[in-house]
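Q: So I've got this file, coords_38.cif, and it contains mmCIF, C-alpha atoms:
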```cif
data_query
#
loop_
_atom_site.group_PDB
_atom_site.id
_atom_site.type_symbol
_atom_site.label_atom_id
_atom_site.label_comp_id
_atom_site.auth_asym_id
_atom_site.auth_seq_id
_atom_site.Cartn_x
_atom_site.Cartn_y
_atom_site.Cartn_z
ATOM 1 C CA MET P 146 -86.466 5.520 -17.507
ATOM 2 C CA ASP P 147 -86.171 8.842 -19.347
ATOM 3 C CA ARG P 148 -87.638 10.543 -16.289
ATOM 4 C CA ALA P 149 -85.230 8.730 -13.987
ATOM 5 C CA GLU P 150 -82.347 9.788 -16.200
ATOM 6 C CA ALA P 151 -83.543 13.400 -16.074
ATOM 7 C CA ILE P 152 -83.051 13.454 -12.276
ATOM 8 C CA SER P 153 -79.840 11.447 -12.247
ATOM 9 C CA HIS P 154 -77.888 14.511 -11.055
ATOM 10 C CA VAL P 155 -80.047 14.887 -7.917
ATOM 11 C CA LYS P 156 -78.401 13.686 -4.713
ATOM 12 C CA GLY P 157 -80.159 11.882 -1.888
ATOM 13 C CA ILE P 158 -82.759 9.958 -3.873
ATOM 14 C CA ASP P 159 -83.839 6.812 -1.979
ATOM 15 C CA GLY P 160 -85.861 5.256 -4.769
ATOM 16 C CA ILE P 161 -88.222 5.809 -7.674
ATOM 17 C CA VAL P 162 -91.905 4.945 -7.866
ATOM 18 C CA SER P 163 -94.146 4.278 -10.833
ATOM 19 C CA THR P 164 -97.656 3.224 -11.645
ATOM 20 C CA VAL P 165 -98.197 0.801 -14.501
ATOM 21 C CA PRO P 166 -99.075 2.268 -17.934
ATOM 22 C CA TYR P 167 -102.687 3.369 -18.092
ATOM 23 C CA TYR P 168 -103.417 4.647 -21.598
ATOM 24 C CA SER P 169 -103.698 1.028 -22.665
ATOM 25 C CA THR P 170 -104.771 -1.426 -19.970
ATOM 26 C CA VAL P 171 -102.093 -3.984 -19.130
ATOM 27 C CA ASN P 172 -102.353 -7.583 -17.909
ATOM 28 C CA GLN P 173 -100.344 -9.218 -15.116
ATOM 29 C CA GLY P 174 -97.629 -10.488 -17.462
ATOM 30 C CA GLN P 175 -97.136 -7.012 -18.883
ATOM 31 C CA ILE P 176 -97.087 -5.516 -15.394
ATOM 32 C CA TYR P 177 -94.321 -7.934 -14.448
ATOM 33 C CA THR P 178 -92.276 -7.094 -17.555
ATOM 34 C CA PHE P 179 -92.776 -3.352 -17.056
ATOM 35 C CA TYR P 180 -91.597 -3.229 -13.445
ATOM 36 C CA ASN P 181 -88.898 -5.863 -13.815
ATOM 37 C CA GLU P 182 -87.263 -4.004 -16.700
ATOM 38 C CA ILE P 183 -87.347 -0.701 -14.826
ATOM 39 C CA ALA P 184 -85.679 -2.412 -11.863
ATOM 40 C CA ASN P 185 -83.033 -3.927 -14.108
ATOM 41 C CA GLN P 186 -82.144 -0.521 -15.535
ATOM 42 C CA SER P 187 -82.570 1.767 -12.525
ATOM 43 C CA LYS P 188 -79.624 2.749 -10.351
ATOM 44 C CA TRP P 189 -82.109 3.376 -7.540
ATOM 45 C CA PRO P 190 -84.462 0.957 -5.783
ATOM 46 C CA VAL P 191 -87.879 0.718 -7.450
ATOM 47 C CA TYR P 192 -91.236 0.943 -5.706
ATOM 48 C CA LEU P 193 -94.461 -0.319 -7.235
ATOM 49 C CA TYR P 194 -97.551 1.887 -7.103
ATOM 50 C CA ASP P 195 -100.769 -0.119 -7.247
ATOM 51 C CA LEU P 196 -103.333 2.507 -8.281
ATOM 52 C CA ALA P 197 -106.062 0.578 -10.056
ATOM 53 C CA VAL P 198 -108.581 3.417 -9.764
ATOM 54 C CA VAL P 199 -106.451 5.284 -12.331
ATOM 55 C CA THR P 200 -104.621 2.551 -14.243
ATOM 56 C CA LYS P 201 -107.641 0.208 -14.520
ATOM 57 C CA ALA P 202 -105.293 -2.707 -13.740
ATOM 58 C CA ALA P 203 -104.487 -3.854 -10.214
ATOM 59 C CA THR P 204 -101.091 -5.356 -9.436
ATOM 60 C CA LEU P 205 -102.088 -8.681 -7.905
ATOM 61 C CA PRO P 206 -100.261 -10.236 -4.932
ATOM 62 C CA GLU P 207 -98.906 -13.139 -6.988
ATOM 63 C CA THR P 208 -97.378 -10.675 -9.474
ATOM 64 C CA VAL P 209 -95.773 -8.736 -6.624
ATOM 65 C CA GLN P 210 -94.311 -11.964 -5.241
ATOM 66 C CA LYS P 211 -92.705 -12.660 -8.604
ATOM 67 C CA LEU P 212 -91.386 -9.116 -8.794
ATOM 68 C CA TRP P 213 -89.813 -9.012 -5.348
ATOM 69 C CA LYS P 214 -87.386 -11.691 -6.459
ATOM 70 C CA ASN P 215 -85.692 -8.810 -8.281
ATOM 71 C CA LYS P 216 -83.505 -7.372 -5.517
ATOM 72 C CA ASN P 217 -83.863 -3.837 -6.859
ATOM 73 C CA ILE P 218 -87.603 -3.807 -6.171
ATOM 74 C CA HIS P 219 -87.956 -2.579 -2.601
ATOM 75 C CA GLY P 220 -91.643 -2.092 -1.974
ATOM 76 C CA ILE P 221 -95.196 -1.329 -2.988
ATOM 77 C CA LYS P 222 -97.651 1.461 -2.317
ATOM 78 C CA SER P 223 -101.249 0.287 -2.443
ATOM 79 C CA GLY P 224 -104.653 1.224 -1.093
ATOM 80 C CA ASN P 225 -105.819 -2.392 -1.326
ATOM 81 C CA LEU P 226 -105.701 -3.724 2.219
ATOM 82 C CA VAL P 227 -106.433 -7.281 1.089
ATOM 83 C CA THR P 228 -103.388 -7.225 -1.205
ATOM 84 C CA LEU P 229 -101.124 -5.842 1.505
ATOM 85 C CA ARG P 230 -102.366 -8.333 4.103
ATOM 86 C CA LYS P 231 -101.590 -11.224 1.739
ATOM 87 C CA LEU P 232 -98.125 -9.844 1.073
ATOM 88 C CA TYR P 233 -97.566 -9.188 4.770
ATOM 89 C CA ARG P 234 -98.250 -12.851 5.569
ATOM 90 C CA ALA P 235 -96.189 -14.241 2.681
ATOM 91 C CA GLU P 236 -93.308 -16.338 3.994
ATOM 92 C CA ASP P 237 -91.020 -15.467 1.081
ATOM 93 C CA ARG P 238 -91.249 -11.672 1.496
ATOM 94 C CA PRO P 239 -87.718 -10.182 1.473
ATOM 95 C CA ASP P 240 -86.637 -8.150 4.491
ATOM 96 C CA TYR P 241 -85.980 -5.109 2.295
ATOM 97 C CA PHE P 242 -89.466 -5.119 0.763
ATOM 98 C CA ASN P 243 -91.633 -2.346 2.257
ATOM 99 C CA MET P 244 -95.415 -2.159 2.124
ATOM 100 C CA MET P 245 -96.961 1.304 2.290
ATOM 101 C CA TYR P 246 -100.689 1.790 2.622
ATOM 102 C CA SER P 247 -102.064 4.609 0.489
ATOM 103 C CA ASN P 248 -105.662 4.767 1.722
ATOM 104 C CA ILE P 249 -105.192 7.397 4.389
ATOM 105 C CA ASP P 250 -108.855 7.247 5.489
ATOM 106 C CA GLU P 251 -108.378 3.745 6.928
ATOM 107 C CA PHE P 252 -104.774 3.840 8.006
ATOM 108 C CA ASP P 253 -105.489 3.298 11.694
ATOM 109 C CA VAL P 254 -107.419 0.145 10.751
ATOM 110 C CA ALA P 255 -104.589 -1.093 8.506
ATOM 111 C CA TYR P 256 -102.122 -0.501 11.344
ATOM 112 C CA LYS P 257 -103.895 -3.122 13.431
ATOM 113 C CA TYR P 258 -103.119 -5.676 10.703
ATOM 114 C CA GLY P 259 -99.402 -4.879 10.903
ATOM 115 C CA ILE P 260 -99.380 -2.496 7.923
ATOM 116 C CA ASP P 261 -97.549 0.241 9.797
ATOM 117 C CA LYS P 262 -96.260 2.415 6.954
ATOM 118 C CA ASN P 263 -98.360 4.934 5.068
ATOM 119 C CA LEU P 264 -97.445 7.070 2.089
ATOM 120 C CA ASP P 265 -99.800 9.949 1.386
ATOM 121 C CA GLY P 266 -99.268 13.560 0.397
ATOM 122 C CA MET P 267 -101.349 14.815 3.314
ATOM 123 C CA PHE P 268 -98.652 13.816 5.783
ATOM 124 C CA SER P 269 -96.206 16.181 4.091
ATOM 125 C CA CYS P 270 -98.374 19.185 5.015
ATOM 126 C CA THR P 271 -99.318 17.862 8.484
ATOM 127 C CA PRO P 272 -95.994 16.666 9.956
ATOM 128 C CA ALA P 273 -96.877 17.540 13.565
ATOM 129 C CA SER P 274 -100.242 15.755 13.416
ATOM 130 C CA ALA P 275 -98.693 12.772 11.648
ATOM 131 C CA LYS P 276 -95.990 12.496 14.297
ATOM 132 C CA ARG P 277 -98.572 12.528 17.069
ATOM 133 C CA MET P 278 -100.676 9.949 15.208
ATOM 134 C CA TYR P 279 -97.762 7.564 14.695
ATOM 135 C CA SER P 280 -96.684 7.946 18.327
ATOM 136 C CA ALA P 281 -100.198 7.148 19.518
ATOM 137 C CA LEU P 282 -100.429 4.115 17.224
ATOM 138 C CA ALA P 283 -97.092 2.815 18.492
ATOM 139 C CA ALA P 284 -98.394 3.159 22.048
ATOM 140 C CA GLY P 285 -101.616 1.326 21.194
ATOM 141 C CA ASP P 286 -103.666 4.483 21.809
ATOM 142 C CA TYR P 287 -106.051 4.149 18.877
ATOM 143 C CA GLU P 288 -108.470 6.773 20.204
ATOM 144 C CA THR P 289 -105.834 9.520 20.111
ATOM 145 C CA ALA P 290 -104.489 8.236 16.803
ATOM 146 C CA GLY P 291 -107.991 8.337 15.335
ATOM 147 C CA LYS P 292 -108.502 11.935 16.449
ATOM 148 C CA GLU P 293 -105.197 12.990 14.872
ATOM 149 C CA LEU P 294 -106.099 11.195 11.665
ATOM 150 C CA ASP P 295 -109.538 12.842 11.686
ATOM 151 C CA GLY P 296 -107.818 16.232 11.852
ATOM 152 C CA ILE P 297 -105.641 15.416 8.847
ATOM 153 C CA LEU P 298 -108.679 14.190 6.911
ATOM 154 C CA ALA P 299 -110.627 17.331 7.821
ATOM 155 C CA LEU P 300 -107.851 19.427 6.292
ATOM 156 C CA ARG P 301 -107.904 17.237 3.190
ATOM 157 C CA ASP P 302 -111.673 17.688 2.948
ATOM 158 C CA LEU P 303 -111.209 21.450 3.290
ATOM 159 C CA PHE P 304 -108.811 21.368 0.341
ATOM 160 C CA LEU P 305 -111.513 19.572 -1.644
ATOM 161 C CA THR P 306 -113.970 22.435 -1.122
ATOM 162 C CA THR P 307 -111.673 24.842 -2.991
ATOM 163 C CA PRO P 308 -111.385 25.200 -6.792
ATOM 164 C CA CYS P 309 -108.099 23.272 -6.772
ATOM 165 C CA LEU P 310 -107.027 20.766 -4.121
ATOM 166 C CA MET P 311 -103.371 20.982 -5.140
ATOM 167 C CA ASN P 312 -103.227 24.789 -4.924
ATOM 168 C CA ALA P 313 -104.864 24.639 -1.487
ATOM 169 C CA TYR P 314 -102.318 21.988 -0.506
ATOM 170 C CA GLY P 315 -99.585 24.206 -1.955
ATOM 171 C CA HIS P 316 -100.658 27.055 0.303
ATOM 172 C CA ALA P 317 -100.375 24.738 3.310
ATOM 173 C CA MET P 318 -96.892 23.698 2.200
ATOM 174 C CA ASN P 319 -95.912 27.351 1.719
ATOM 175 C CA LEU P 320 -97.043 28.041 5.298
ATOM 176 C CA LEU P 321 -94.608 25.336 6.427
ATOM 177 C CA GLY P 322 -91.777 27.049 4.560
ATOM 178 C CA CYS P 323 -91.793 24.784 1.499
ATOM 179 C CA GLU P 324 -91.769 27.263 -1.358
ATOM 180 C CA GLY P 325 -93.176 26.761 -4.825
ATOM 181 C CA CYS P 326 -96.313 25.784 -6.693
ATOM 182 C CA PHE P 327 -97.549 22.213 -6.254
ATOM 183 C CA ALA P 328 -100.364 22.289 -8.831
ATOM 184 C CA ARG P 329 -100.467 21.859 -12.589
ATOM 185 C CA ASP P 330 -100.312 25.087 -14.557
ATOM 186 C CA TYR P 331 -103.825 24.750 -15.987
ATOM 187 C CA GLU P 332 -105.499 24.454 -12.576
ATOM 188 C CA PRO P 333 -107.248 27.455 -10.967
ATOM 189 C CA GLU P 334 -105.819 29.436 -8.095
ATOM 190 C CA VAL P 335 -107.523 29.487 -4.721
ATOM 191 C CA SER P 336 -108.959 32.724 -3.343
ATOM 192 C CA ASP P 337 -107.598 34.743 -0.457
ATOM 193 C CA ASP P 338 -110.627 33.602 1.562
ATOM 194 C CA ASP P 339 -109.764 29.953 0.881
ATOM 195 C CA LYS P 340 -106.152 30.593 1.840
ATOM 196 C CA ALA P 341 -107.346 32.154 5.085
ATOM 197 C CA ARG P 342 -109.477 29.070 5.830
ATOM 198 C CA VAL P 343 -106.495 26.795 5.199
ATOM 199 C CA THR P 344 -104.306 28.991 7.411
ATOM 200 C CA GLU P 345 -106.788 28.798 10.282
ATOM 201 C CA ALA P 346 -107.092 25.024 9.893
ATOM 202 C CA MET P 347 -103.312 24.643 9.966
ATOM 203 C CA LYS P 348 -103.204 26.705 13.159
ATOM 204 C CA ALA P 349 -105.969 24.616 14.732
ATOM 205 C CA LEU P 350 -103.976 21.438 13.982
ATOM 206 C CA GLY P 351 -100.849 22.914 15.543
ATOM 207 C CA GLU P 352 -98.956 22.771 12.278
ATOM 208 C CA ILE P 353 -98.080 26.485 12.322
#
```
What is this structure when it is put down as structure tokens?

A:
Amino acid sequence: MDRAEAISHVKGIDGIVSTVPYYSTVNQGQIYTFYNEIANQSKWPVYLYDLAVVTKAATLPETVQKLWKNKNIHGIKSGNLVTLRKLYRAEDRPDYFNMMYSNIDEFDVAYKYGIDKNLDGMFSCTPASAKRMYSALAAGDYETAGKELDGILALRDLFLTTPCLMNAYGHAMNLLGCEGCFARDYEPEVSDDDKARVTEAMKALGEI
């Protein structure tokens, strides 16, 4: 809530997102209390972020169903397709509750199950590819959608070959006209050669 207060002067915020605490592992009751209290205090809609690989505690479907009774909780981001499928089929799911799949590698598969929203940082640096992918998915052209997704994943994998994924990503964002540094200050810079490789990949994808 301190972080939310720190950005209270910013206009155009659609919502805030949070993982559960992860220094100390939490149980489902504590997860409920944590998110519910944030939603009660926040002036913006709250989105849950189920990131068990980091937090060591998954937010289970039954906990989400309790939480969405709070009308200020508007969605969940999760890479657990089983969780999202259960929530998708739940008869009591509010109309305003959004489900966003965070496992970009399998998004075209998730789309077939009706999970048609994805939230991943890679889409922010590949807007043209993402637009083509979503258009192909909407048209039922999974072959084209798969090729577009493969291109996005190839760029992600290129970032991973550099000393710092986030600085490589930052270079891609800079190429799109989004200024600034997107990495933490203790992370290494990427070389001019790595920047050149990212530039060529962005050109090949039609992003620049």

Q: Pick the closest to Leu196 (chain P) from P:Asn217, P:Thr289, P:Ser223, P:Gln173: which is it, counting only C-alpha atoms?

A: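 So, comparing all the options, the nearest one is P:Ser223.
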
Q: The PyMOL selection byres ((chain P and resi 323-339) around 7) on the file shown: which residues, as a PyMOL selection string?

A: chain P and resi 307-309+311-313+315+318-319+321-322+340-343

Q: What residues come out when you apply the PyMOL selection byres ((chain P and resi 348) around 12) to this file, written as a PyMOL selection string?

A: chain P and resi 271+273-274+296+300+317+320-321+341-347+349-353

Q: For those residues, write C-alpha atoms to a file as a tab-separated table (two decimals), in the frame of the given file.

A:
```tsv
chain	number	residue	atom	x	y	z
P	271	THR	CA	-99.32	17.86	8.48
P	273	ALA	CA	-96.88	17.54	13.56
P	274	SER	CA	-100.24	15.76	13.42
P	296	GLY	CA	-107.82	16.23	11.85
P	300	LEU	CA	-107.85	19.43	6.29
P	317	ALA	CA	-100.38	24.74	3.31
P	320	LEU	CA	-97.04	28.04	5.30
P	321	LEU	CA	-94.61	25.34	6.43
P	341	ALA	CA	-107.35	32.15	5.08
P	342	ARG	CA	-109.48	29.07	5.83
P	343	VAL	CA	-106.50	26.80	5.20
P	344	THR	CA	-104.31	28.99	7.41
P	345	GLU	CA	-106.79	28.80	10.28
P	346	ALA	CA	-107.09	25.02	9.89
P	347	MET	CA	-103.31	24.64	9.97
P	349	ALA	CA	-105.97	24.62	14.73
P	350	LEU	CA	-103.98	21.44	13.98
P	351	GLY	CA	-100.85	22.91	15.54
P	352	GLU	CA	-98.96	22.77	12.28
P	353	ILE	CA	-98.08	26.48	12.32
```

Q: Give me, as a compact mmCIF listing (two decimals) with C-alpha atoms, in the frame of the given file, all polymer residues having an atom no more than 6 Å from Asn263 (chain P), counting only C-alpha atoms and skipping those fewer than 6 positions away in the same chain.

A:
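Saved the output as out_36.txt:
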```txt
# COMPACT_ATOMS: atom_id res chain seq x y z
CA MET P 245 -96.96 1.30 2.29
CA TYR P 246 -100.69 1.79 2.62
CA SER P 247 -102.06 4.61 0.49
```

Q: One decimal, in Å: what's the spacing between CA of Gly259 (chain P) and CA of Arg230 (chain P)?

A: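 Atom-to-atom, CA of Gly259 (chain P) to CA of Arg230 (chain P), that is 8.2 Å.
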
Q: Between CA of Asp250 (chain P) and CA of Gln210 (chain P), measure the distance and give it in Å to one decimal.

A: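 We find that CA of Asp250 (chain P) and CA of Gln210 (chain P) lie 26.4 Å from each other.
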
Q: One decimal, in Å: what's the spacing between CA of Lys156 (chain P) and CA of Met244 (chain P)?

A: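 Result for CA of Lys156 (chain P) versus CA of Met244 (chain P): 24.2 Å, one decimal.
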
Q: Within 9 Å of Tyr177 (chain P), counting all atoms listed in the file, which residues qualify if same-chain residues fewer than 5 places away don't, as a list of chain:residue names?

A: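 Counting only the stated atoms, we get P:Asn172, P:Glu182, P:Thr204, P:Thr208, P:Val209, P:Lys211, P:Leu212.
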
Q: Would you kindly return, as a PyMOL selection string, each protein, DNA or RNA residue with an atom no farther than 8 Å from any atom of Ile221 (chain P), considering all atoms listed in the file and excluding same-chain residues fewer than 2 positions away?

A: chain P and resi 192-195+219+223+242-245

Q: Compare P:Pro206, P:Val199, P:Ile161, P:Tyr168 by their minimum atom-to-atom distance to Gln186 (chain P), counting only C-alpha atoms, and give me the closest one.

A: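 Going through P:Pro206, P:Val199, P:Ile161, P:Tyr168 one by one, the smallest distance to Gln186 (chain P) is for P:Ile161.
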
Q: Which is closer to Met146 (chain P) than all the others in P:Ile218, P:Asn185, P:His316, P:Thr178, using only C-alpha atoms?

A: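 For Met146 (chain P), the nearest of the given residues is P:Asn185.
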
Q: Just say which residues the PyMOL selection byres ((chain P and resi 298) around 12) picks in this file, as an MDAnalysis selection string.

A: chainID P and resid 248:252 265:268 270:271 274:275 291:297 299:305 346 350

Q: Rank nothing, just name the residue among P:Ile152, P:Met278, P:Val227, P:Ala184 nearest to Lys214 (chain P), using only C-alpha atoms.

A: P:Ala184

Q: For a cutoff of 12 Å around the file-coordinate point (-100.7, -1.7, 12.8), which residues qualify once you count all atoms listed in the file? I'd like the result as a ChimeraX atom specification.

A: /P:226,230,233,244-246,251-263,278-287,290
